[in-house]
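Inspection log for the structure reproduced underneath, given as structure tokens.
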Amino acid sequence: MAILEKNRLMNGVKEIKSTIQSELEKDAPNWELLLKVILNHFDCSTGTLHFLDENKLLQLQSQVGIPEFLIPKLTTIPIGKGMAGIAAERRKPVEMCNLQTDDSGVARPSAKDTKVEGSLAAPLIYNETLYGTIGIAKPIPYDFTQDESDLIMEIGELMGKRLV
């Protein structure tokens with residue numbers, strides 16, 4: 001990778017972390033805005049942000065690009081179900097290169113109705129405590145890099161710290 005390209009990527013990572021941190025320092029963070037900033041950084045079209053409730057269920061906090069008819073199906077997600085639930089259960093990112101052709105059983109059948117392909121779900125963890133999940137997806141097949149997975153985990157930690 002060329003030095004200029006590497007520097008551009010590093011500056012982009014610093015910029016998104018700074019933007020997220022600034023929003024999280026507000027009395028009432030705008031979760032939809034944060035999700036849009038994250039989607040823009042990763043060049044994704046669709047995303048979800050779920051927070052863990054007192055019953056240990058993931059509750060939809062914000063979404064971008066989800067078809068209206070699917071929202072009732074992803075409003076409440078049990079730990080261990082679907083990509084978000086499995087990311088929460090495993091406490092690590094869950095990725096699919098092409099959600100449309102997946103037959104692993106990780107994604108719920110209705111997830112294919114989103115029309116996205118490359119997908120990544122990650123837990124929001126701070127001090128080993130789970131606070132929720134974030135999911136991002138592209139409309140094309142895509143393998144997220146290790147650096148991208150690491151960054152989404154760092155973002156999840158920043159959000160988890162705010163939710164303490």
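Order determines the names: the first chain of the structure tokens is A, the second B, and so forth; residues in each chain are numbered 1 upward, and ligands are numbered 1 upward as they are shown.
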message: Based on the backbone DSSP call, show me all residues of stretch 17-137 of chain A assigned helix (DSSP H, G or I), as a PyMOL selection string.
response: chain A and resi 17-24+31-41+68-74+82-90+99-101+109-114
Residues within 9 Å of A:Ile66, only C-alpha atoms, excluding chain neighbours under 5 positions, as a list in words: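 Counting only the stated atoms, we get Thr46, Gly47, Thr48, Ile71 and Thr114 of chain A.
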message: Neighbouring residues of A:Leu33 were defined as those with any atom within 10 Å, considering only C-alpha atoms; residues of the same chain fewer than 5 positions away were excluded. Please report them as a ChimeraX atom specification.
response: /A:20,23,38-39,62,64
Neighbouring residues of A:Lys17 were defined as those with any atom within 12 Å, considering only C-alpha atoms; residues of the same chain fewer than 6 positions away were excluded. Please report them as a short mmCIF file (atom, residue, chain, number, x, y, z; two decimals) with N, CA and C atoms, in the first residue's frame.
```cif
data_model
loop_
_atom_site.label_atom_id
_atom_site.label_comp_id
_atom_site.auth_asym_id
_atom_site.auth_seq_id
_atom_site.Cartn_x
_atom_site.Cartn_y
_atom_site.Cartn_z
N MET A 10 -5.35 6.35 7.72
CA MET A 10 -5.13 6.63 9.14
C MET A 10 -5.82 7.93 9.55
N ASN A 11 -5.76 8.95 8.69
CA ASN A 11 -6.44 10.21 9.00
C ASN A 11 -7.95 10.01 9.04
N GLU A 23 -19.68 13.63 19.49
CA GLU A 23 -21.13 13.42 19.60
C GLU A 23 -21.48 12.71 20.90
N LEU A 24 -20.66 11.74 21.30
CA LEU A 24 -20.94 10.99 22.53
C LEU A 24 -20.78 11.84 23.79
N LEU A 34 -24.87 9.48 14.45
CA LEU A 34 -23.68 8.66 14.63
C LEU A 34 -23.68 7.47 13.68
N VAL A 37 -22.80 8.63 10.22
CA VAL A 37 -21.38 8.93 10.11
C VAL A 37 -20.59 7.63 9.93
N ILE A 38 -20.95 6.63 10.70
CA ILE A 38 -20.27 5.32 10.62
C ILE A 38 -20.51 4.68 9.27
N HIS A 41 -18.41 6.39 6.67
CA HIS A 41 -17.00 6.03 6.77
C HIS A 41 -16.72 4.67 6.12
N LEU A 151 -11.79 -1.58 13.86
CA LEU A 151 -12.31 -0.23 14.02
C LEU A 151 -13.76 -0.27 14.51
N ILE A 152 -14.58 -1.16 13.98
CA ILE A 152 -15.97 -1.22 14.43
C ILE A 152 -16.03 -1.65 15.89
N MET A 153 -15.10 -2.49 16.33
CA MET A 153 -15.03 -2.87 17.74
C MET A 153 -14.61 -1.66 18.60
N GLU A 154 -13.67 -0.86 18.11
CA GLU A 154 -13.27 0.35 18.85
C GLU A 154 -14.44 1.32 18.95
N ILE A 155 -15.19 1.47 17.87
CA ILE A 155 -16.38 2.33 17.87
C ILE A 155 -17.39 1.78 18.88
N GLY A 156 -17.56 0.47 18.88
CA GLY A 156 -18.47 -0.16 19.84
C GLY A 156 -18.05 0.09 21.28
N GLU A 157 -16.74 0.10 21.52
CA GLU A 157 -16.25 0.38 22.87
C GLU A 157 -16.53 1.83 23.27
N LEU A 158 -16.35 2.76 22.34
CA LEU A 158 -16.66 4.17 22.62
C LEU A 158 -18.14 4.33 22.97
N MET A 159 -19.00 3.68 22.20
CA MET A 159 -20.44 3.76 22.47
C MET A 159 -20.79 3.08 23.78
#
```
Contacts of A:Asp53 at 9 Å (only C-alpha atoms; same-chain gap of 5+ positions) as a CSV table (one decimal) with all heavy atoms, in the first residue's frame:
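Now in result_2.csv:
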```csv
chain,number,residue,atom,x,y,z
A,58,LEU,N,-31.9,-7.2,22.8
A,58,LEU,CA,-31.4,-6.1,22.0
A,58,LEU,C,-32.6,-5.3,21.5
A,58,LEU,O,-33.5,-5.9,20.8
A,58,LEU,CB,-30.6,-6.6,20.9
A,58,LEU,CG,-29.3,-7.3,21.3
A,58,LEU,CD1,-28.7,-8.1,20.1
A,58,LEU,CD2,-28.3,-6.3,21.9
A,59,GLN,N,-32.7,-4.0,21.8
A,59,GLN,CA,-33.8,-3.2,21.4
A,59,GLN,C,-33.3,-2.2,20.3
A,59,GLN,O,-32.2,-1.5,20.6
A,59,GLN,CB,-34.4,-2.4,22.5
A,59,GLN,CG,-35.0,-3.3,23.6
A,59,GLN,CD,-36.2,-4.1,23.1
A,59,GLN,OE1,-36.9,-3.8,22.1
A,59,GLN,NE2,-36.5,-5.2,23.8
A,131,TYR,N,-23.3,-3.8,25.9
A,131,TYR,CA,-24.3,-2.8,26.0
A,131,TYR,C,-25.2,-2.8,24.7
A,131,TYR,O,-26.2,-2.1,24.7
A,131,TYR,CB,-23.6,-1.4,26.1
A,131,TYR,CG,-23.0,-1.2,27.4
A,131,TYR,CD1,-21.7,-1.5,27.6
A,131,TYR,CD2,-23.7,-0.8,28.5
A,131,TYR,CE1,-21.1,-1.4,28.9
A,131,TYR,CE2,-23.2,-0.7,29.8
A,131,TYR,CZ,-21.8,-1.0,29.9
A,131,TYR,OH,-21.3,-0.9,31.2
A,132,GLY,N,-24.9,-3.5,23.7
A,132,GLY,CA,-25.7,-3.6,22.5
A,132,GLY,C,-24.9,-4.1,21.3
A,132,GLY,O,-23.9,-4.7,21.5
```
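Using only C-alpha atoms for every distance, the candidate list A:Lys92, A:Lys56, A:Lys14, A:His50 yields A:His50 as the residue closest to A:Glu32.
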- prompt: Between A:Thr75, A:Tyr142, A:Ala137, A:Arg90, which has the minimum distance to A:Asn40 (counting only C-alpha atoms)?
  reply: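 Closest residue, counting only C-alpha atoms: A:Ala137.
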- request: Could you pull out the residues in stretch 14-163 of chain A that DSSP calls strand (DSSP E) from the backbone, as a ChimeraX atom specification?
  value: /A:46-52,57-64,76-78,94-96,119-126,129-137
task: Extract, using only C-alpha atoms, all DNA, RNA and protein residues at most 12 Å from A:Ala88, discarding same-chain residues fewer than 5 positions from it, and format them as a PyMOL selection string.
output: chain A and resi 50-52+56-58+77-83+93-94+121-125+128-135+153+156
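With distances restricted to only C-alpha atoms, A:Asp43 is the closest residue to A:Ile136 from A:Asp150, A:Glu54, A:Asp43, A:Asp27.
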- prompt: Can you tell me how far atom CA of A:Val164 sits from atom CA of A:Gln63, in Å to one decimal?
  reply: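 Taking atom CA of A:Val164 and atom CA of A:Gln63, their separation equals 21.4 Å.
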- request: For atom CA of A:Phe42 and atom CA of A:Glu89, quote the distance in Å rounded to one decimal.
  value: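 About the pair atom CA of A:Phe42 and atom CA of A:Glu89: they are 23.8 Å apart.
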- prompt: In Å, how far is it from atom CA of A:Ser45 to atom CA of A:Phe144?
  reply: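 Atom CA of A:Ser45 sits 14.4 Å away from atom CA of A:Phe144.
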